[in-house]
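What follows is the content of protein-v5.cif (mmCIF, C-alpha atoms).
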data_data
loop_
_atom_site.group_PDB
_atom_site.id
_atom_site.type_symbol
_atom_site.label_atom_id
_atom_site.label_comp_id
_atom_site.auth_asym_id
_atom_site.auth_seq_id
_atom_site.Cartn_x
_atom_site.Cartn_y
_atom_site.Cartn_z
ATOM 1 C CA MET A 1 -7.245 -21.405 -1.840
ATOM 2 C CA SER A 2 -5.589 -24.757 -1.285
ATOM 3 C CA VAL A 3 -2.768 -25.396 1.134
ATOM 4 C CA ALA A 4 -0.639 -26.308 -1.884
ATOM 5 C CA GLU A 5 -1.299 -22.912 -3.499
ATOM 6 C CA ARG A 6 -0.255 -21.088 -0.334
ATOM 7 C CA GLU A 7 2.897 -23.133 0.046
ATOM 8 C CA ALA A 8 3.772 -22.685 -3.620
ATOM 9 C CA ALA A 9 3.309 -18.920 -3.388
ATOM 10 C CA ARG A 10 5.558 -18.711 -0.342
ATOM 11 C CA GLY A 11 8.098 -20.901 -2.107
ATOM 12 C CA MET A 12 8.399 -18.321 -4.886
ATOM 13 C CA MET A 13 9.625 -15.710 -2.426
ATOM 14 C CA GLN A 14 13.095 -15.288 -1.001
ATOM 15 C CA LYS A 15 14.057 -13.760 2.342
ATOM 16 C CA SER A 16 15.459 -10.276 1.879
ATOM 17 C CA VAL A 17 19.202 -9.981 2.483
ATOM 18 C CA VAL A 18 20.505 -7.432 4.978
ATOM 19 C CA GLY A 19 23.311 -5.069 4.007
ATOM 20 C CA ARG A 20 22.549 -4.435 0.338
ATOM 21 C CA THR A 21 22.755 -0.871 -0.897
ATOM 22 C CA PRO A 22 19.558 0.903 -1.975
ATOM 23 C CA GLU A 23 20.828 0.717 -5.556
ATOM 24 C CA GLN A 24 21.194 -3.055 -5.316
ATOM 25 C CA GLN A 25 17.769 -3.405 -3.731
ATOM 26 C CA ARG A 26 16.166 -1.302 -6.460
ATOM 27 C CA ALA A 27 17.830 -3.213 -9.271
ATOM 28 C CA GLU A 28 16.645 -6.542 -7.831
ATOM 29 C CA PHE A 29 13.124 -5.243 -7.168
ATOM 30 C CA ASP A 30 12.815 -3.788 -10.655
ATOM 31 C CA GLU A 31 14.080 -7.011 -12.220
ATOM 32 C CA LEU A 32 11.265 -8.863 -10.486
ATOM 33 C CA PHE A 33 8.434 -6.376 -10.830
ATOM 34 C CA ALA A 34 9.070 -3.477 -13.220
ATOM 35 C CA GLY A 35 8.600 -5.510 -16.384
ATOM 36 C CA ARG A 36 5.620 -7.633 -15.493
ATOM 37 C CA PRO A 37 3.041 -7.738 -18.288
ATOM 38 C CA LEU A 38 -0.067 -5.739 -17.505
ATOM 39 C CA GLY A 39 -2.297 -7.071 -20.256
ATOM 40 C CA ASP A 40 -3.044 -5.986 -23.807
ATOM 41 C CA ASP A 41 -5.900 -3.830 -22.533
ATOM 42 C CA VAL A 42 -3.550 -1.582 -20.493
ATOM 43 C CA LYS A 43 -1.662 1.474 -21.635
ATOM 44 C CA LEU A 44 0.607 3.561 -19.427
ATOM 45 C CA ALA A 45 1.052 7.286 -19.946
ATOM 46 C CA GLU A 46 3.494 9.509 -18.084
ATOM 47 C CA ARG A 47 2.100 12.546 -16.311
ATOM 48 C CA THR A 48 2.574 14.627 -13.194
ATOM 49 C CA LEU A 49 0.152 14.990 -10.319
ATOM 50 C CA GLY A 50 0.718 17.752 -7.825
ATOM 51 C CA GLY A 51 4.128 18.181 -9.401
ATOM 52 C CA VAL A 52 5.003 14.530 -8.717
ATOM 53 C CA PRO A 53 5.785 12.090 -11.550
ATOM 54 C CA ALA A 54 3.073 9.490 -12.063
ATOM 55 C CA LEU A 55 1.616 7.042 -14.552
ATOM 56 C CA ASP A 56 -1.914 7.061 -15.871
ATOM 57 C CA VAL A 57 -2.935 3.402 -15.854
ATOM 58 C CA ARG A 58 -5.407 3.281 -18.713
ATOM 59 C CA VAL A 59 -7.397 0.060 -18.857
ATOM 60 C CA ASP A 60 -9.846 -0.378 -21.726
ATOM 61 C CA GLY A 61 -13.384 0.117 -20.433
ATOM 62 C CA ALA A 62 -12.330 1.602 -17.100
ATOM 63 C CA ASP A 63 -14.285 4.814 -17.409
ATOM 64 C CA ALA A 64 -16.397 4.965 -14.255
ATOM 65 C CA ASP A 65 -16.540 8.200 -12.286
ATOM 66 C CA GLY A 66 -13.746 8.693 -9.802
ATOM 67 C CA VAL A 67 -10.116 7.647 -9.678
ATOM 68 C CA ILE A 68 -7.847 5.226 -7.832
ATOM 69 C CA LEU A 69 -4.670 6.871 -6.508
ATOM 70 C CA TYR A 70 -2.199 4.002 -6.116
ATOM 71 C CA LEU A 71 0.801 4.206 -3.775
ATOM 72 C CA HIS A 72 3.318 1.416 -4.375
ATOM 73 C CA GLY A 73 5.179 -0.607 -1.761
ATOM 74 C CA GLY A 74 8.895 -1.088 -1.337
ATOM 75 C CA SER A 75 9.805 -0.229 2.269
ATOM 76 C CA TYR A 76 10.060 3.464 1.298
ATOM 77 C CA VAL A 77 13.354 2.609 -0.444
ATOM 78 C CA VAL A 78 12.459 0.713 -3.635
ATOM 79 C CA GLY A 79 9.592 0.568 -6.111
ATOM 80 C CA SER A 80 8.099 2.964 -8.622
ATOM 81 C CA ALA A 81 4.920 4.003 -10.348
ATOM 82 C CA ARG A 82 5.585 1.156 -12.785
ATOM 83 C CA THR A 83 5.771 -1.506 -10.089
ATOM 84 C CA GLY A 84 2.630 -0.041 -8.541
ATOM 85 C CA ALA A 85 0.867 -0.448 -11.877
ATOM 86 C CA ASN A 86 1.053 -4.221 -11.387
ATOM 87 C CA LEU A 87 -1.757 -3.965 -8.848
ATOM 88 C CA ALA A 88 -3.329 -0.705 -9.983
ATOM 89 C CA ALA A 89 -4.151 -2.248 -13.373
ATOM 90 C CA PRO A 90 -6.082 -5.304 -12.131
ATOM 91 C CA LEU A 91 -7.929 -3.154 -9.610
ATOM 92 C CA SER A 92 -8.869 -0.732 -12.367
ATOM 93 C CA ARG A 93 -9.933 -3.599 -14.635
ATOM 94 C CA ARG A 94 -12.072 -5.229 -11.958
ATOM 95 C CA SER A 95 -13.644 -2.008 -10.671
ATOM 96 C CA GLY A 96 -13.976 -0.098 -13.949
ATOM 97 C CA VAL A 97 -12.365 2.917 -12.234
ATOM 98 C CA PRO A 98 -9.352 4.688 -13.814
ATOM 99 C CA ALA A 99 -6.098 4.577 -11.854
ATOM 100 C CA ILE A 100 -2.998 6.692 -11.357
ATOM 101 C CA SER A 101 0.186 5.200 -9.901
ATOM 102 C CA LEU A 102 2.390 7.730 -8.115
ATOM 103 C CA ASP A 103 6.205 7.887 -8.320
ATOM 104 C CA TYR A 104 6.764 9.419 -4.899
ATOM 105 C CA ARG A 105 10.309 10.145 -3.719
ATOM 106 C CA LEU A 106 12.270 7.435 -1.931
ATOM 107 C CA ALA A 107 14.763 7.192 0.920
ATOM 108 C CA PRO A 108 17.614 7.532 1.613
ATOM 109 C CA GLU A 109 17.980 10.319 -0.948
ATOM 110 C CA HIS A 110 14.592 11.698 0.101
ATOM 111 C CA PRO A 111 13.733 10.494 3.618
ATOM 112 C CA PHE A 112 10.596 11.301 5.590
ATOM 113 C CA PRO A 113 8.597 13.471 5.053
ATOM 114 C CA ALA A 114 9.279 13.702 1.289
ATOM 115 C CA GLY A 115 6.993 10.788 0.385
ATOM 116 C CA VAL A 116 4.176 12.153 2.530
ATOM 117 C CA HIS A 117 4.512 15.556 0.884
ATOM 118 C CA ASP A 118 4.347 13.926 -2.558
ATOM 119 C CA ALA A 119 1.301 11.821 -1.753
ATOM 120 C CA LEU A 120 -0.476 14.806 -0.236
ATOM 121 C CA ALA A 121 0.363 17.051 -3.209
ATOM 122 C CA ALA A 122 -1.004 14.458 -5.635
ATOM 123 C CA TYR A 123 -4.150 13.949 -3.590
ATOM 124 C CA ARG A 124 -4.664 17.699 -3.218
ATOM 125 C CA GLU A 125 -4.620 18.208 -6.992
ATOM 126 C CA LEU A 126 -7.209 15.485 -7.494
ATOM 127 C CA VAL A 127 -9.526 16.826 -4.788
ATOM 128 C CA GLU A 128 -9.177 20.443 -5.847
ATOM 129 C CA GLY A 129 -9.925 19.332 -9.397
ATOM 130 C CA GLY A 130 -13.241 17.885 -8.236
ATOM 131 C CA GLN A 131 -12.229 14.240 -8.422
ATOM 132 C CA ASN A 132 -13.727 11.614 -6.148
ATOM 133 C CA VAL A 133 -10.833 9.448 -4.984
ATOM 134 C CA VAL A 134 -10.122 6.082 -3.456
ATOM 135 C CA ILE A 135 -6.538 5.678 -2.272
ATOM 136 C CA VAL A 136 -4.948 2.236 -2.495
ATOM 137 C CA GLY A 137 -1.535 1.370 -1.079
ATOM 138 C CA ASP A 138 0.445 -1.784 -0.498
ATOM 139 C CA SER A 139 3.061 -2.327 2.214
ATOM 140 C CA ALA A 140 4.897 0.982 2.743
ATOM 141 C CA GLY A 141 2.408 2.521 0.325
ATOM 142 C CA GLY A 142 -0.317 1.547 2.781
ATOM 143 C CA GLY A 143 1.391 3.415 5.584
ATOM 144 C CA LEU A 144 1.913 6.338 3.237
ATOM 145 C CA ALA A 145 -1.772 6.331 2.291
ATOM 146 C CA LEU A 146 -2.745 6.704 5.948
ATOM 147 C CA ALA A 147 -0.151 9.423 6.481
ATOM 148 C CA ALA A 148 -1.543 11.330 3.489
ATOM 149 C CA LEU A 149 -5.063 11.131 4.976
ATOM 150 C CA ILE A 150 -3.858 12.462 8.317
ATOM 151 C CA ALA A 151 -1.948 15.271 6.595
ATOM 152 C CA ALA A 152 -4.960 16.086 4.408
ATOM 153 C CA ARG A 153 -7.195 16.264 7.486
ATOM 154 C CA ALA A 154 -4.761 18.719 9.096
ATOM 155 C CA GLU A 155 -5.021 20.928 5.994
ATOM 156 C CA GLY A 156 -8.809 20.809 5.988
ATOM 157 C CA LEU A 157 -8.981 18.876 2.724
ATOM 158 C CA ALA A 158 -11.919 16.570 2.087
ATOM 159 C CA GLN A 159 -11.190 12.938 2.836
ATOM 160 C CA PRO A 160 -11.232 10.375 0.002
ATOM 161 C CA ALA A 161 -14.239 8.140 -0.510
ATOM 162 C CA GLY A 162 -12.324 5.188 0.907
ATOM 163 C CA VAL A 163 -8.945 3.552 1.338
ATOM 164 C CA VAL A 164 -7.689 0.049 0.523
ATOM 165 C CA LEU A 165 -4.587 -1.141 2.393
ATOM 166 C CA LEU A 166 -2.770 -4.279 1.256
ATOM 167 C CA SER A 167 -0.431 -5.653 3.963
ATOM 168 C CA PRO A 168 0.239 -2.099 5.170
ATOM 169 C CA TRP A 169 3.375 -1.177 7.108
ATOM 170 C CA THR A 170 1.843 1.009 9.804
ATOM 171 C CA ASP A 171 4.512 0.909 12.523
ATOM 172 C CA VAL A 172 8.096 1.748 11.563
ATOM 173 C CA SER A 173 9.035 1.551 15.257
ATOM 174 C CA LEU A 174 8.708 -2.232 14.713
ATOM 175 C CA ARG A 175 6.695 -2.798 17.894
ATOM 176 C CA SER A 176 4.233 -5.308 16.451
ATOM 177 C CA PRO A 177 4.567 -8.729 18.119
ATOM 178 C CA SER A 178 4.357 -10.444 14.733
ATOM 179 C CA MET A 179 7.646 -8.776 13.827
ATOM 180 C CA ASP A 180 9.192 -11.629 15.833
ATOM 181 C CA ASN A 181 6.601 -14.353 16.270
ATOM 182 C CA ARG A 182 5.838 -14.588 12.529
ATOM 183 C CA ASP A 183 9.455 -14.450 11.407
ATOM 184 C CA GLU A 184 9.710 -18.150 10.589
ATOM 185 C CA ASP A 185 6.452 -18.013 8.625
ATOM 186 C CA ASP A 186 7.408 -14.957 6.548
ATOM 187 C CA PRO A 187 9.269 -15.950 3.362
ATOM 188 C CA LEU A 188 10.199 -12.373 2.528
ATOM 189 C CA PHE A 189 10.929 -10.084 5.485
ATOM 190 C CA SER A 190 12.729 -10.162 8.823
ATOM 191 C CA ARG A 191 12.996 -7.633 11.626
ATOM 192 C CA ALA A 192 16.592 -6.940 10.536
ATOM 193 C CA ASN A 193 15.780 -5.866 6.991
ATOM 194 C CA MET A 194 12.706 -3.904 8.089
ATOM 195 C CA ALA A 195 14.866 -2.086 10.651
ATOM 196 C CA GLU A 196 17.376 -1.295 7.919
ATOM 197 C CA SER A 197 14.689 0.296 5.728
ATOM 198 C CA ALA A 198 13.109 2.122 8.653
ATOM 199 C CA GLU A 199 16.422 3.740 9.538
ATOM 200 C CA LEU A 200 16.912 4.966 5.971
ATOM 201 C CA TYR A 201 13.373 6.358 5.830
ATOM 202 C CA LEU A 202 13.290 7.990 9.260
ATOM 203 C CA ASN A 203 16.687 9.679 9.088
ATOM 204 C CA GLY A 204 16.454 10.456 12.804
ATOM 205 C CA THR A 205 12.709 11.184 12.958
ATOM 206 C CA ASP A 206 10.758 9.767 15.894
ATOM 207 C CA PRO A 207 9.443 6.391 14.653
ATOM 208 C CA LYS A 208 6.220 6.927 16.619
ATOM 209 C CA ASN A 209 5.404 10.142 14.759
ATOM 210 C CA GLU A 210 1.823 9.783 13.511
ATOM 211 C CA LEU A 211 2.924 10.321 9.908
ATOM 212 C CA THR A 212 5.663 7.684 10.024
ATOM 213 C CA SER A 213 3.709 5.133 12.078
ATOM 214 C CA PRO A 214 0.005 5.897 11.627
ATOM 215 C CA VAL A 215 -0.968 3.031 13.931
ATOM 216 C CA PHE A 216 -0.274 5.545 16.720
ATOM 217 C CA ALA A 217 -2.281 8.359 15.097
ATOM 218 C CA ASP A 218 -5.645 9.840 15.899
ATOM 219 C CA LEU A 219 -7.738 8.193 13.177
ATOM 220 C CA LYS A 220 -11.036 9.933 13.923
ATOM 221 C CA GLY A 221 -12.766 11.239 10.832
ATOM 222 C CA LEU A 222 -10.937 9.001 8.382
ATOM 223 C CA PRO A 223 -13.006 7.407 5.605
ATOM 224 C CA PRO A 224 -13.955 3.714 5.416
ATOM 225 C CA LEU A 225 -10.970 1.376 5.258
ATOM 226 C CA LEU A 226 -10.521 -2.077 3.764
ATOM 227 C CA VAL A 227 -7.437 -3.888 5.061
ATOM 228 C CA GLN A 228 -6.157 -7.154 3.582
ATOM 229 C CA VAL A 229 -3.278 -9.136 5.091
ATOM 230 C CA GLY A 230 -1.871 -12.664 5.221
ATOM 231 C CA THR A 231 -0.867 -14.593 8.314
ATOM 232 C CA ALA A 232 2.521 -15.592 6.864
ATOM 233 C CA GLU A 233 4.028 -12.156 7.286
ATOM 234 C CA ILE A 234 5.719 -10.222 10.037
ATOM 235 C CA LEU A 235 3.475 -7.234 9.291
ATOM 236 C CA LEU A 236 0.336 -9.133 10.325
ATOM 237 C CA ASP A 237 -0.038 -7.204 13.586
ATOM 238 C CA ASP A 238 0.538 -3.881 11.830
ATOM 239 C CA SER A 239 -2.850 -4.548 10.227
ATOM 240 C CA LEU A 240 -4.556 -6.035 13.260
ATOM 241 C CA ARG A 241 -3.490 -3.173 15.541
ATOM 242 C CA LEU A 242 -4.547 -0.591 12.954
ATOM 243 C CA VAL A 243 -7.983 -2.163 12.513
ATOM 244 C CA ALA A 244 -8.547 -2.329 16.277
ATOM 245 C CA ARG A 245 -7.525 1.315 16.693
ATOM 246 C CA ALA A 246 -9.722 2.425 13.788
ATOM 247 C CA ALA A 247 -12.717 0.584 15.241
ATOM 248 C CA GLU A 248 -12.126 2.085 18.679
ATOM 249 C CA GLN A 249 -12.177 5.535 17.064
ATOM 250 C CA ASP A 250 -15.403 4.923 15.139
ATOM 251 C CA VAL A 251 -13.868 4.519 11.700
ATOM 252 C CA ASP A 252 -15.679 2.087 9.383
ATOM 253 C CA VAL A 253 -13.165 -0.687 8.788
ATOM 254 C CA SER A 254 -13.243 -4.098 7.141
ATOM 255 C CA LEU A 255 -10.519 -6.712 7.519
ATOM 256 C CA ASP A 256 -9.618 -9.705 5.356
ATOM 257 C CA VAL A 257 -7.093 -12.064 6.957
ATOM 258 C CA ILE A 258 -5.947 -14.885 4.683
ATOM 259 C CA ALA A 259 -4.427 -17.860 6.494
ATOM 260 C CA GLY A 260 -1.016 -18.841 5.181
ATOM 261 C CA ALA A 261 -0.851 -16.035 2.629
ATOM 262 C CA PRO A 262 2.402 -14.052 2.275
ATOM 263 C CA HIS A 263 3.021 -10.316 2.115
ATOM 264 C CA VAL A 264 0.943 -8.548 -0.584
ATOM 265 C CA PHE A 265 -0.340 -11.927 -1.762
ATOM 266 C CA GLN A 266 -2.528 -10.112 -4.306
ATOM 267 C CA TYR A 267 0.510 -10.228 -6.596
ATOM 268 C CA PHE A 268 -0.287 -13.918 -7.062
ATOM 269 C CA ALA A 269 -3.578 -13.262 -8.869
ATOM 270 C CA GLY A 270 -4.052 -15.882 -11.551
ATOM 271 C CA PHE A 271 -2.030 -18.371 -9.540
ATOM 272 C CA MET A 272 -3.575 -18.285 -6.073
ATOM 273 C CA SER A 273 -7.360 -18.200 -5.923
ATOM 274 C CA GLU A 274 -7.462 -16.108 -2.744
ATOM 275 C CA ALA A 275 -5.432 -13.401 -4.476
ATOM 276 C CA ASP A 276 -8.077 -13.082 -7.189
ATOM 277 C CA GLU A 277 -10.862 -13.137 -4.603
ATOM 278 C CA ALA A 278 -9.130 -10.432 -2.570
ATOM 279 C CA LEU A 279 -8.736 -8.189 -5.608
ATOM 280 C CA ASP A 280 -12.408 -8.753 -6.451
ATOM 281 C CA ARG A 281 -13.411 -7.686 -2.935
ATOM 282 C CA ALA A 282 -11.149 -4.651 -3.128
ATOM 283 C CA ALA A 283 -12.640 -3.682 -6.489
ATOM 284 C CA THR A 284 -16.167 -3.997 -5.093
ATOM 285 C CA PHE A 285 -15.164 -1.783 -2.186
ATOM 286 C CA VAL A 286 -13.740 0.814 -4.595
ATOM 287 C CA ARG A 287 -16.915 0.860 -6.688
ATOM 288 C CA ASN A 288 -19.230 1.020 -3.693
ATOM 289 C CA ARG A 289 -17.270 3.780 -2.005
ATOM 290 C CA LEU A 290 -17.237 5.960 -5.108
ATOM 291 C CA GLN A 291 -20.983 5.487 -5.575
ATOM 292 C CA ASP A 292 -21.780 6.350 -1.948
ATOM 293 C CA LYS A 293 -20.797 9.975 -1.403
ATOM 294 C CA SER A 294 -22.297 10.183 2.099
ATOM 295 C CA VAL A 295 -18.914 9.515 3.761
ATOM 296 C CA GLY A 296 -15.731 11.155 2.519
ATOM 297 C CA GLY A 297 -15.303 12.052 -1.101
ATOM 298 C CA VAL A 298 -15.861 15.334 -2.868
ATOM 299 C CA ALA A 299 -19.266 16.910 -2.385
#
Represent the supplied structure as structure tokens.
Amino acid sequence: MSVAEREAARGMMQKSVVGRTPEQQRAEFDELFAGRPLGDDVKLAERTLGGVPALDVRVDGADADGVILYLHGGSYVVGSARTGANLAAPLSRRSGVPAISLDYRLAPEHPFPAGVHDALAAYRELVEGGQNVVIVGDSAGGGLALAALIAARAEGLAQPAGVVLLSPWTDVSLRSPSMDNRDEDDPLFSRANMAESAELYLNGTDPKNELTSPVFADLKGLPPLLVQVGTAEILLDDSLRLVARAAEQDVDVSLDVIAGAPHVFQYFAGFMSEADEALDRAATFVRNRLQDKSVGGVA
């Protein structure tokens, strides 16, 4: 990835404005992401999973055993199964594994723990149906993926075969040093707008609760993790702290840090070479994890 590609990608992003209503944020987010073309080889089909609305992301030729459960980003306030399909589809295409993008409930209408309950219900149906699963989440969806694993462990459910986290938001207490020292580098987020979303999501819940900020959780027994993050984002240390904690607790974890890349830079696939390379690595991880049933997965 050239310096010019990184700078151009950052230049396409605009710093989020504080004080907009959730409705305004959703309309702007959907205008940017809900209509992106997925490719002629992709068909979307509405369904429910664990009683939660979802989209089957059907990519021609993606018929390998297992399934990707995709949890979209959007600071727990915006986004949808359709916006999640923008990354679920290329991951499915590259890995050959079918994908489902979940339409979990959003704050402030449905604050914590509604999203966790939805993700867990969807995962439970897949596991109880005998599916071997890899969970993938970006940004808030990454934090939600970890919360779902912790909740599943508490219920005695089998863990998924693996988890892919793209620029995950793992600490809604906003204690990561990069929340401040990467502010000038981040073209999208600031502490102020992250604090605004966190308040809507938490609705008075302790921000250090292990299901709201899984960077503080006991991670023992979780399946292998692949974490990808850029250095031009205030959530950089949310990933670095998570990876260090996972390693300390004997969780298999791999980390890709891309210098100068912005938040969820994988959206720039086809424009930024490192985005394509990152998706290729994530797809390889998905395939390998589903083929190796020795850790996690459904027996």
**OP:** In the coordinates of the file, take the point (15.9, 1.2, -1.5) and a cut-off of 7 Å; then, counting all atoms listed in the file, name each qualifying protein, DNA or RNA residue as a ChimeraX atom specification.
**Re:** /A:22-23,25-26,76-78,107
**OP:** Take the point (-0.9, -3.9, 8.6) in the file's coordinates, draw a sphere of radius 10 Å around it, and report as a PyMOL selection string every protein, DNA or RNA residue with an atom inside or on it, counting only C-alpha atoms.
**Re:** chain A and resi 138-140+142-143+165-171+176+215+227-230+233-243+263
Subject >> Picked residues, the PyMOL selection byres ((chain A and resi 108-120) around 9), expected as an MDAnalysis selection string >> reply: chainID A and resid 22 49:52 71 76:77 102:107 121:125 144:145 147:149 151:152 197 199:203 205 211:212
**OP:** Spell out the residues picked by the PyMOL selection byres ((chain A and resi 266-276) around 8) here, as an MDAnalysis selection string.
**Re:** chainID A and resid 1 5:6 9 86:87 258 264:265 277:280
Original post:
Using only C-alpha atoms, which of the listed residues (A:Gly79, A:Thr21, A:Glu184, A:Ser101) sits closest to Glu46 (chain A)?
Top reply: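 For Glu46 (chain A), the nearest of the given residues is A:Ser101.
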Subject >> Interatomic distance (Å, one decimal) between CA of Arg153 (chain A) and CA of Gly96 (chain A) >> reply: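 Here the two named atoms are 27.8 Å from each other.
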Could you work out an axis-aligned bounding box for all listed atoms of region 183-190 of chain A, with 4 Å added on each of the six sides, and give its centre and edge lengths in Å to one decimal, as lines of an AutoDock Vina configuration file?
center_x = 9.6
center_y = -14.1
center_z = 7.0
size_x = 14.3
size_y = 16.1
size_z = 16.9
**OP:** Report the distance between CA of Pro98 (chain A) and CA of Asp63 (chain A) in Å, rounded to one decimal place.
**Re:**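 These atoms are spaced 6.1 Å apart.
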**OP:** Just say which residues the PyMOL selection byres ((chain A and resi 64) around 10) picks in this file, as a PyMOL selection string.
**Re:** chain A and resi 61-63+65-67+92+95-98+287+290-291
Original post:
So what do you get for CA of Ala45 (chain A) versus CA of Ala158 (chain A), distance-wise?
Top reply: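 Computed distance, CA of Ala45 (chain A) to CA of Ala158 (chain A), equals 27.2 Å.
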Subject >> Minimum-distance residue to Asp218 (chain A), chosen among A:Asp250, A:Glu128, A:Ala232, A:Pro37 (using all atoms listed in the file) >> reply: A:Asp250
**OP:** Find the residue from A:Ala195, A:Val172, A:Val164, A:Val136 that sits nearest to Leu226 (chain A); use all atoms listed in the file when measuring.
**Re:** A:Val164
Original post:
Taking all atoms listed in the file into account, which of A:Lys15, A:Glu31, A:Ser173, A:Ala88 comes nearest Gly204 (chain A)?
Top reply: A:Ser173
**OP:** For each of A:Gln24, A:Ala259, A:Lys220, A:Leu32, take the minimum atom-to-atom distance to Asp185 (chain A), counting only C-alpha atoms, then give the residue where this is smallest.
**Re:** A:Ala259
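The list of residues with at least one atom within 9 Å of Arg191 (chain A), based on all atoms listed in the file and without residues fewer than 4 positions apart in the same chain, reads Leu174, Met179, Asp180, Asp183, Ala195, Glu196 and Ile234 of chain A.
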Original post:
Leaving out Arg82 (chain A) and any residue of its chain fewer than 6 positions from it, which residues lie within 10 Å of it when counting all atoms listed in the file, given as a VMD selection string?
Top reply: chain A and resid 30 33 to 36 44 54 to 55 57 72 88 101 to 103
**OP:** Measuring atom to atom with all atoms listed in the file, identify which of A:Gln14, A:Ser190, A:Thr231, A:Asn288 is nearest to Val133 (chain A).
**Re:**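 With all atoms listed in the file as the atom set, the closest residue is A:Asn288.
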